[in-house]
$ cat structure.tsv   # TSV, C-alpha atoms
chain	number	residue	atom	x	y	z
V	1	MET	CA	0.00	0.00	0.00
V	2	ARG	CA	2.81	2.33	0.93
V	3	LYS	CA	4.72	1.61	-2.33
V	4	ILE	CA	1.63	2.26	-4.42
V	5	TRP	CA	1.09	5.58	-2.66
V	6	ILE	CA	4.68	6.62	-3.29
V	7	TRP	CA	4.40	5.66	-6.95
V	8	LYS	CA	1.20	7.65	-7.39
V	9	TRP	CA	2.86	10.58	-5.61
V	10	LEU	CA	5.85	10.49	-7.97
V	11	ALA	CA	3.58	10.16	-10.96
V	12	LEU	CA	1.65	13.18	-9.85
V	13	LEU	CA	4.87	15.17	-9.55
V	14	GLY	CA	5.79	14.04	-13.06
V	15	VAL	CA	2.48	15.30	-14.48
V	16	ILE	CA	2.96	18.62	-12.78
V	17	SER	CA	6.52	18.77	-14.07
V	18	LEU	CA	5.43	18.13	-17.68
V	19	ALA	CA	2.78	20.79	-17.43
V	20	CYS	CA	5.25	23.41	-16.20
V	21	PHE	CA	8.09	22.55	-18.63
V	22	PRO	CA	6.63	21.52	-22.01
V	23	THR	CA	8.70	19.21	-24.18
V	24	GLY	CA	11.10	20.94	-26.63
V	25	GLN	CA	11.62	24.17	-24.63
V	26	VAL	CA	14.67	25.15	-22.59
V	27	LEU	CA	14.52	28.02	-20.14
V	28	THR	CA	17.62	30.18	-19.77
V	29	GLY	CA	18.37	33.56	-18.23
V	30	THR	CA	18.49	35.36	-21.65
V	31	PRO	CA	15.87	34.99	-24.42
V	32	GLU	CA	17.13	34.05	-27.89
V	33	PRO	CA	17.61	37.09	-30.20
V	34	THR	CA	15.22	37.52	-33.09
V	35	GLU	CA	17.03	37.27	-36.48
V	36	GLN	CA	17.25	40.64	-38.36
V	37	ILE	CA	17.31	40.44	-42.16
V	38	PHE	CA	19.67	42.76	-44.12
V	39	SER	CA	20.22	42.89	-47.87
V	40	VAL	CA	22.22	45.30	-50.05
V	41	ASP	CA	19.44	44.88	-52.61
V	42	ASN	CA	17.19	46.77	-50.22
V	43	ILE	CA	19.29	49.92	-50.42
V	44	GLN	CA	18.42	52.16	-53.36
V	45	VAL	CA	20.99	54.61	-54.77
V	46	ASP	CA	20.32	57.47	-57.20
V	47	TYR	CA	22.48	60.50	-58.08
V	48	ILE	CA	22.55	63.72	-60.08
V	49	TYR	CA	25.54	65.96	-60.85
V	50	THR	CA	26.45	69.05	-62.83
V	51	THR	CA	27.83	68.44	-66.30
V	52	ASN	CA	29.77	71.74	-66.38
V	53	LEU	CA	32.12	72.69	-63.55
V	54	ILE	CA	32.76	76.46	-63.57
V	55	THR	CA	36.30	76.65	-62.22
V	56	VAL	CA	36.43	80.38	-61.45
V	57	ILE	CA	33.56	80.07	-58.97
V	58	TYR	CA	33.95	76.43	-57.90
V	59	PRO	CA	34.33	77.29	-54.17
V	60	LEU	CA	30.70	78.45	-54.34
V	61	TYR	CA	29.29	75.01	-55.16
V	62	GLY	CA	27.19	73.97	-52.20
V	63	SER	CA	26.56	77.56	-51.10
V	64	LYS	CA	25.74	80.05	-53.84
V	65	LEU	CA	25.55	77.29	-56.45
V	66	ASP	CA	23.87	73.89	-56.25
V	67	ASP	CA	26.01	71.04	-54.96
V	68	PHE	CA	28.15	69.41	-57.63
V	69	LEU	CA	26.88	65.91	-56.75
V	70	ILE	CA	23.76	64.80	-54.88
V	71	VAL	CA	23.43	61.10	-53.99
V	72	THR	CA	20.00	59.94	-52.75
V	73	LEU	CA	19.97	56.83	-50.53
V	74	THR	CA	16.89	54.87	-49.46
V	75	ASN	CA	17.13	52.09	-46.87
V	76	ASP	CA	14.32	49.56	-47.38
V	77	ASN	CA	15.78	47.18	-44.80
V	78	ALA	CA	14.18	46.57	-41.42
V	79	VAL	CA	17.37	47.64	-39.66
V	80	PRO	CA	19.66	50.72	-39.75
V	81	VAL	CA	22.67	50.62	-42.05
V	82	LYS	CA	25.85	52.67	-42.49
V	83	VAL	CA	26.71	53.82	-46.01
V	84	LEU	CA	29.97	55.22	-47.40
V	85	VAL	CA	29.80	57.74	-50.28
V	86	GLU	CA	32.93	58.81	-52.17
V	87	SER	CA	33.35	61.00	-55.25
V	88	GLU	CA	36.13	62.77	-57.13
V	89	ILE	CA	36.79	64.39	-60.47
V	90	SER	CA	39.54	62.08	-61.62
V	91	GLY	CA	42.83	63.93	-61.97
V	92	TYR	CA	41.30	67.31	-61.08
V	93	SER	CA	40.05	67.19	-57.49
V	94	ASP	CA	40.55	65.71	-54.08
V	95	LYS	CA	38.20	62.97	-52.88
V	96	ALA	CA	34.97	63.88	-51.08
V	97	ILE	CA	34.07	61.25	-48.45
V	98	ASP	CA	30.96	60.94	-46.26
V	99	THR	CA	29.76	58.14	-43.98
V	100	VAL	CA	26.08	58.29	-43.01
V	101	GLU	CA	23.69	56.09	-41.06
V	102	LEU	CA	20.25	55.44	-42.50
V	103	GLN	CA	17.47	54.30	-40.24
V	104	ALA	CA	15.07	51.63	-41.43
V	105	GLY	CA	12.86	53.07	-44.17
V	106	GLU	CA	14.78	56.37	-44.27
V	107	THR	CA	15.68	58.36	-47.40
V	108	LEU	CA	18.71	60.65	-47.16
V	109	GLU	CA	20.59	62.98	-49.51
V	110	VAL	CA	24.38	63.15	-49.45
V	111	ARG	CA	25.73	66.32	-51.06
V	112	GLN	CA	29.35	66.46	-52.17
V	113	ASN	CA	31.61	69.06	-53.74
V	114	PRO	CA	35.08	67.68	-54.49
V	115	ARG	CA	37.62	70.51	-54.20
V	116	LEU	CA	39.73	71.28	-57.25
V	117	LEU	CA	43.47	70.96	-56.70
V	118	THR	CA	45.26	74.34	-56.82
V	119	THR	CA	48.07	72.78	-58.87
V	120	VAL	CA	45.49	71.74	-61.45
V	121	ILE	CA	43.81	75.15	-61.54
V	122	ASP	CA	47.09	76.70	-62.61
V	123	GLU	CA	47.11	74.51	-65.73
V	124	LEU	CA	43.45	74.96	-66.67
V	125	ASN	CA	43.93	77.32	-69.59
V	126	THR	CA	41.30	75.62	-71.76
V	127	GLU	CA	38.04	73.82	-71.17
V	128	GLU	CA	38.73	70.12	-70.62
V	129	PRO	CA	36.59	66.95	-70.51
V	130	ALA	CA	36.76	65.01	-67.26
V	131	ARG	CA	35.17	62.06	-65.48
V	132	ILE	CA	33.54	62.03	-62.09
V	133	SER	CA	33.98	58.78	-60.15
V	134	ILE	CA	31.23	57.81	-57.71
V	135	ARG	CA	31.44	54.93	-55.22
V	136	VAL	CA	28.76	53.95	-52.70
V	137	ALA	CA	29.09	51.00	-50.29
V	138	ALA	CA	27.22	49.63	-47.28
V	139	LEU	CA	29.36	49.09	-44.17
V	140	VAL	CA	28.49	45.80	-42.47
V	141	GLU	CA	30.65	45.02	-39.44
V	142	GLY	CA	33.46	47.09	-40.96
V	143	ILE	CA	33.26	45.30	-44.32
V	144	GLU	CA	32.31	47.29	-47.43
V	145	LYS	CA	29.55	45.83	-49.58
V	146	PRO	CA	29.45	47.75	-52.91
V	147	LEU	CA	26.17	49.35	-53.85
V	148	LEU	CA	27.27	51.51	-56.80
V	149	VAL	CA	30.55	52.09	-58.63
V	150	GLU	CA	30.21	54.36	-61.67
V	151	THR	CA	31.90	57.08	-63.68
V	152	ALA	CA	30.18	59.88	-65.57
V	153	GLU	CA	31.29	62.62	-67.93
V	154	THR	CA	31.62	66.29	-67.02
V	155	VAL	CA	33.41	69.36	-68.38
V	156	VAL	CA	35.85	71.47	-66.36
V	157	TYR	CA	35.93	75.10	-67.51
V	158	ALA	CA	39.19	76.98	-67.97
V	159	ARG	CA	39.98	78.99	-64.85
V	160	ARG	CA	39.44	82.25	-66.77
V	161	ASP	CA	36.04	81.33	-68.24
V	162	PHE	CA	33.38	83.51	-66.61
V	163	PRO	CA	29.69	82.69	-67.27
V	164	TRP	CA	27.45	85.71	-67.83
V	165	LEU	CA	24.36	83.50	-67.66
V	166	ILE	CA	23.70	80.92	-64.92
V	167	PRO	CA	20.29	79.19	-64.72
V	168	GLY	CA	18.38	80.28	-61.62
V	169	PHE	CA	20.53	83.40	-61.07
V	170	THR	CA	19.45	86.98	-61.59
V	171	GLN	CA	21.72	89.27	-63.60
V	172	ALA	CA	22.76	91.07	-60.40
V	173	GLU	CA	23.67	87.76	-58.74
V	174	VAL	CA	25.83	86.75	-61.70
V	175	TYR	CA	27.56	90.14	-61.72
V	176	GLN	CA	28.38	89.78	-58.01
V	177	LEU	CA	30.33	86.60	-58.77
V	178	LEU	CA	32.95	88.78	-60.48
V	179	ALA	CA	34.29	89.42	-56.98
V	180	SER	CA	35.86	85.95	-57.13
V	181	MET	CA	38.33	87.42	-59.65
V	182	VAL	CA	39.26	90.36	-57.41
V	183	THR	CA	42.45	89.06	-55.79
V	184	PRO	CA	43.90	91.47	-53.20
V	185	ASN	CA	46.16	88.84	-51.63
V	186	ASP	CA	47.87	87.79	-54.85
V	187	ALA	CA	51.64	88.24	-54.67
V	188	SER	CA	51.62	90.21	-57.94
V	189	VAL	CA	49.15	92.73	-56.51
V	190	GLU	CA	51.26	93.06	-53.37
V	191	GLU	CA	54.30	93.74	-55.54
V	192	LEU	CA	52.40	96.40	-57.49
V	193	LEU	CA	51.59	98.20	-54.24
V	194	ARG	CA	55.20	98.07	-53.10
V	195	LEU	CA	56.26	99.69	-56.36
V	196	ALA	CA	53.43	102.23	-56.10
V	197	ALA	CA	54.88	103.50	-52.82
V	198	ASP	CA	57.67	105.12	-54.82
V	199	TYR	CA	55.07	107.26	-56.64
V	200	THR	CA	53.18	108.62	-53.61
V	201	ASP	CA	53.86	112.05	-52.10
V	202	SER	CA	54.82	110.43	-48.80
V	203	GLY	CA	56.87	107.62	-50.31
V	204	ILE	CA	54.79	105.00	-48.50
V	205	ILE	CA	51.61	103.01	-49.09
V	206	TRP	CA	49.24	102.87	-46.14
V	207	GLY	CA	45.88	101.18	-45.68
V	208	GLY	CA	42.40	102.44	-44.87
V	209	TYR	CA	40.84	105.90	-44.88
V	210	GLY	CA	41.92	107.63	-41.72
V	211	ASP	CA	39.52	110.17	-40.21
V	212	GLN	CA	39.18	112.64	-43.09
V	213	GLU	CA	35.89	113.00	-44.92
V	214	ASN	CA	35.64	113.38	-48.67
V	215	ASP	CA	39.37	112.70	-48.98
V	216	GLU	CA	40.17	116.24	-47.80
V	217	GLY	CA	43.83	115.41	-47.30
V	218	GLY	CA	44.07	113.69	-50.68
V	219	GLY	CA	45.37	110.42	-49.23
V	220	VAL	CA	43.03	108.21	-51.26
V	221	TRP	CA	43.67	110.14	-54.49
V	222	ASP	CA	47.44	110.03	-53.90
V	223	ARG	CA	47.50	106.24	-53.56
V	224	LEU	CA	45.13	105.60	-56.47
V	225	GLU	CA	47.16	107.90	-58.70
V	226	ALA	CA	50.34	106.09	-57.65
V	227	ILE	CA	48.77	102.80	-58.75
V	228	TRP	CA	47.94	104.37	-62.11
V	229	GLN	CA	51.48	105.64	-62.55
V	230	VAL	CA	53.17	102.35	-61.68
V	231	GLU	CA	50.82	100.49	-64.04
V	232	GLU	CA	51.90	102.82	-66.84
V	233	GLN	CA	55.57	103.34	-66.12
V	234	HIS	CA	56.68	100.06	-64.61
V	235	TYR	CA	54.28	97.52	-66.14
V	236	GLY	CA	53.55	99.38	-69.37
V	237	LEU	CA	49.90	98.41	-69.24
V	238	VAL	CA	47.70	99.09	-72.27
V	239	TYR	CA	44.20	98.17	-73.29
V	240	VAL	CA	43.95	94.85	-75.16
V	241	ASN	CA	41.05	92.54	-75.88
V	242	THR	CA	40.46	89.18	-74.22
V	243	ALA	CA	40.95	85.85	-75.99
V	244	VAL	CA	37.78	84.09	-77.08
V	245	SER	CA	36.44	81.25	-74.95
V	246	PHE	CA	35.24	77.98	-76.42
V	247	ALA	CA	33.18	77.00	-73.39
V	248	PRO	CA	29.44	76.49	-74.01
V	249	GLY	CA	26.95	79.29	-73.35
V	250	ALA	CA	27.50	82.97	-72.63
V	251	VAL	CA	31.07	82.71	-71.35
V	252	GLN	CA	33.85	85.29	-71.53
V	253	ARG	CA	37.52	84.57	-70.96
V	254	ILE	CA	38.78	87.03	-68.34
V	255	ARG	CA	42.39	87.42	-67.28
V	256	PHE	CA	43.14	87.50	-63.57
V	257	PRO	CA	44.91	90.59	-62.16
V	258	ALA	CA	48.23	88.73	-61.99
V	259	GLU	CA	47.95	87.81	-65.67
V	260	VAL	CA	47.15	91.40	-66.63
V	261	LEU	CA	50.41	92.45	-64.98
V	262	GLU	CA	52.39	89.57	-66.48
V	263	GLN	CA	51.03	90.19	-69.99
V	264	ASN	CA	51.20	94.00	-69.73
V	265	GLY	CA	47.60	94.60	-70.69
V	266	GLY	CA	43.94	93.76	-70.36
V	267	ASN	CA	40.47	94.66	-71.50
V	268	CYS	CA	37.95	96.81	-69.64
V	269	ILE	CA	36.76	94.24	-67.08
V	270	GLU	CA	40.29	92.90	-66.53
V	271	LEU	CA	41.78	96.34	-65.88
V	272	ALA	CA	38.88	97.16	-63.56
V	273	LEU	CA	39.38	93.91	-61.60
V	274	LEU	CA	43.08	94.72	-61.20
V	275	TYR	CA	42.34	98.20	-59.82
V	276	ALA	CA	39.67	96.81	-57.50
V	277	SER	CA	42.19	94.22	-56.25
V	278	ALA	CA	44.77	96.90	-55.44
V	279	ALA	CA	42.13	99.06	-53.73
V	280	GLU	CA	40.87	96.18	-51.61
V	281	ALA	CA	44.45	95.32	-50.65
V	282	LEU	CA	44.69	98.91	-49.33
V	283	ASP	CA	41.49	98.36	-47.32
V	284	LEU	CA	39.57	100.75	-49.57
V	285	GLU	CA	36.03	99.95	-50.70
V	286	SER	CA	35.68	99.41	-54.43
V	287	ALA	CA	32.94	98.61	-56.93
V	288	ILE	CA	32.79	97.27	-60.47
V	289	ILE	CA	30.37	99.23	-62.67
V	290	LEU	CA	28.93	97.44	-65.68
V	291	ILE	CA	27.20	99.07	-68.64
V	292	PRO	CA	26.34	97.46	-71.99
V	293	GLY	CA	29.58	96.07	-73.41
V	294	HIS	CA	31.84	97.84	-70.91
V	295	ALA	CA	33.08	97.94	-67.30
V	296	TYR	CA	35.10	100.31	-65.13
V	297	VAL	CA	35.89	100.73	-61.44
V	298	GLY	CA	34.83	102.98	-58.59
V	299	VAL	CA	36.68	103.51	-55.29
V	300	ARG	CA	34.94	105.02	-52.28
V	301	ILE	CA	36.66	108.17	-51.01
V	302	ASP	CA	35.81	107.90	-47.28
V	303	GLU	CA	33.94	105.73	-44.77
V	304	VAL	CA	31.18	108.26	-44.09
V	305	ASN	CA	29.82	109.40	-47.42
V	306	ALA	CA	28.79	107.32	-50.42
V	307	ASN	CA	31.06	109.21	-52.81
V	308	TYR	CA	33.44	107.53	-55.23
V	309	TYR	CA	36.25	108.19	-57.62
V	310	PHE	CA	35.16	106.47	-60.83
V	311	ILE	CA	38.11	105.48	-62.99
V	312	GLU	CA	37.98	104.68	-66.71
V	313	THR	CA	40.72	102.07	-66.57
V	314	THR	CA	40.89	101.53	-70.35
V	315	LEU	CA	42.64	104.90	-70.63
V	316	ILE	CA	45.78	103.45	-69.04
V	317	GLY	CA	48.80	104.34	-71.14
V	318	ARG	CA	46.85	107.03	-73.01
V	319	ALA	CA	45.74	109.55	-70.40
V	320	SER	CA	46.55	110.86	-66.94
V	321	PHE	CA	44.87	109.56	-63.80
V	322	ALA	CA	42.94	112.84	-63.49
V	323	GLU	CA	41.61	112.42	-67.03
V	324	ALA	CA	40.63	108.80	-66.31
V	325	VAL	CA	38.68	109.92	-63.24
V	326	GLU	CA	37.01	112.74	-65.17
V	327	ARG	CA	35.89	110.27	-67.85
V	328	GLY	CA	34.79	107.72	-65.26
V	329	ASN	CA	32.74	110.26	-63.31
V	330	GLN	CA	30.95	111.32	-66.49
V	331	GLU	CA	30.25	107.72	-67.46
V	332	PHE	CA	28.78	106.99	-64.04
V	333	GLU	CA	26.61	110.09	-64.14
V	334	ASP	CA	25.18	108.83	-67.44
V	335	ALA	CA	24.78	105.24	-66.16
V	336	LEU	CA	23.28	105.93	-62.73
V	337	PRO	CA	19.62	106.31	-63.85
V	338	HIS	CA	19.84	103.00	-65.71
V	339	ILE	CA	21.49	101.25	-62.74
V	340	ASP	CA	18.85	102.59	-60.36
V	341	ALA	CA	16.13	101.37	-62.73
V	342	GLY	CA	17.67	97.88	-62.79
V	343	GLU	CA	17.93	97.93	-66.55
V	344	GLU	CA	19.41	94.95	-68.34
V	345	SER	CA	23.21	95.00	-68.84
V	346	PHE	CA	23.67	97.70	-66.18
V	347	GLY	CA	25.12	96.68	-62.85
V	348	TRP	CA	26.92	97.72	-59.68
V	349	VAL	CA	29.07	95.18	-57.82
V	350	GLU	CA	30.20	96.28	-54.37
V	351	ILE	CA	33.21	94.08	-53.51
V	352	LEU	CA	32.67	94.42	-49.75
V	353	ASP	CA	29.05	93.25	-50.13
V	354	ALA	CA	30.22	90.28	-52.17
V	355	ARG	CA	32.69	89.28	-49.45
V	356	GLU	CA	29.97	89.49	-46.83
V	357	ALA	CA	27.87	87.25	-49.08
V	358	GLY	CA	30.63	84.62	-49.03
V	359	ILE	CA	32.17	85.30	-52.44
V	360	TYR	CA	35.93	85.17	-51.97
V	361	PRO	CA	38.85	85.20	-54.41
V	362	LEU	CA	39.50	81.99	-56.31
V	363	PRO	CA	42.25	80.17	-54.33
V	364	TRP	CA	44.93	80.13	-56.98
V	365	ARG	CA	48.67	80.88	-57.19
$ encode --input "structure.tsv" --output "structure tokens"
Amino acid sequence: MRKIWIWKWLALLGVISLACFPTGQVLTGTPEPTEQIFSVDNIQVDYIYTTNLITVIYPLYGSKLDDFLIVTLTNDNAVPVKVLVESEISGYSDKAIDTVELQAGETLEVRQNPRLLTTVIDELNTEEPARISIRVAALVEGIEKPLLVETAETVVYARRDFPWLIPGFTQAEVYQLLASMVTPNDASVEELLRLAADYTDSGIIWGGYGDQENDEGGGVWDRLEAIWQVEEQHYGLVYVNTAVSFAPGAVQRIRFPAEVLEQNGGNCIELALLYASAAEALDLESAIILIPGHAYVGVRIDEVNANYYFIETTLIGRASFAEAVERGNQEFEDALPHIDAGEESFGWVEILDAREAGIYPLPWR
């Protein structure tokens, strides 16, 4: 009787045990992880890029201009994923590299602007075909899984090719980009100012305006006239036309100030850019004035009043500084109503305003 009772008691415990711990299950302290599915096929990659790289204003891509390359990534996986995006203009730029993390179901744009190499800019005397290389890869536990590896064609403009028409830009906005060719820190401009010191009344070149209004002491006039004299007597500058550009669209080839000095001449816009560069290097405010088919320069005479010396720079080598200012003042008097009315082909580019807008000299030489 006792054995039977014990057996029934053990059997009862066994039934209870089976009910609490079903067959095929093992209890541990940590639950098994759920498997997460990842596939590179679930990451979509698209891209757009500009087919014409305007060298003279390339630092403005991504700010004033649209980004050079935009890669759109879509992660259709159920888990986040890291993606590497690389691009370069083969032989012309450094490599732009970004690593981003996309959440599940997220779409993200990666914007890149490979920087042109300064050594390459120096050699860009003509428009040249180029190839942009684009590589996109998923990063899985530190291992790259390629998503896209492609090359595409683009055109790199010569460094002197300036576009007078840019889609999406107003005429005034395009004109303001000329400030990228005003180069006050160029070594050639600094040398010009050193030589100009020998032509001033004081025998020195100093910066800024001082505290005199309307240039009562003649300090601004003295320095600007010295620049005129050294351009004539040391550099032998004369007016010459600019070489034609073969870039597509409304593009003009414009010499930089250093090239005007090296080649002993320039056209209207080139001579005006040189004078504006020298004035800015002296911490004087300058402006480029544009009228149909022509350009000249204005230099503010003090920090209080909005008065300028307007200089017809194409008279270099043919007239005195006083005569160039007389001609420039008359031209501006004639142009002012058209500029105020915002008429086509008339413009006023304040270099200081352009700098404040983020338009700096092309980093070259």
$ atom_distance --input "structure.tsv" --atom1 "atom CA of V:Pro292" --atom2 "atom CA of V:Pro361"
24.8 Å
$ residues_around --input "structure.tsv" --residues "stretch 206-216 of chain V" --least-positions-apart "4" --cutoff "7 Å" --atoms "all atoms listed in the file" --output "PyMOL selection string"
chain V and resi 220+282-284+301-304
$ write_last_selection --input "structure.tsv" --atoms "C-alpha atoms" --output "CSV table (one decimal), in the frame of the given file"
chain,number,residue,atom,x,y,z
V,220,VAL,CA,43.0,108.2,-51.3
V,282,LEU,CA,44.7,98.9,-49.3
V,283,ASP,CA,41.5,98.4,-47.3
V,284,LEU,CA,39.6,100.8,-49.6
V,301,ILE,CA,36.7,108.2,-51.0
V,302,ASP,CA,35.8,107.9,-47.3
V,303,GLU,CA,33.9,105.7,-44.8
V,304,VAL,CA,31.2,108.3,-44.1
$ closest_atom_pairs --input "structure.tsv" --of "stretch 43-77 of chain V" --to "stretch 124-135 of chain V" --cutoff "12 Å" --atoms "all atoms listed in the file" --output "CSV"
residue,atom,partner,partner_atom,distance
V:Val45,CA,V:Arg135,CA,10.5
V:Asp46,CA,V:Ile134,CA,10.9
V:Tyr47,CA,V:Ile134,CA,9.2
V:Ile48,CA,V:Ile134,CA,10.8
V:Tyr49,CA,V:Ile132,CA,9.0
V:Thr50,CA,V:Ile132,CA,10.0
V:Thr51,CA,V:Ile132,CA,9.6
V:Asn52,CA,V:Pro129,CA,9.3
V:Leu53,CA,V:Ala130,CA,9.7
V:Ile54,CA,V:Glu127,CA,9.6
V:Thr55,CA,V:Leu124,CA,8.6
V:Val56,CA,V:Leu124,CA,10.3
V:Phe68,CA,V:Ile132,CA,10.2
V:Leu69,CA,V:Ile134,CA,9.2
V:Ile70,CA,V:Ile134,CA,10.6
V:Val71,CA,V:Ile134,CA,9.2
$ closest_residue --input "structure.tsv" --among "V:Gly219, V:Gly168, V:Gly203, V:Gly317" --to "V:His234" --atoms "only C-alpha atoms"
V:Gly317
$ atom_distance --input "structure.tsv" --atom1 "atom CA of V:Asp222" --atom2 "atom CA of V:Asp201"
7.0 Å
$ atom_distance --input "structure.tsv" --atom1 "atom CA of V:Tyr235" --atom2 "atom CA of V:Ala158"
25.6 Å
$ closest_residue --input "structure.tsv" --among "V:Asn305, V:Ser63, V:Gln103, V:Asn42" --to "V:Lys82" --atoms "all atoms listed in the file"
V:Gln103
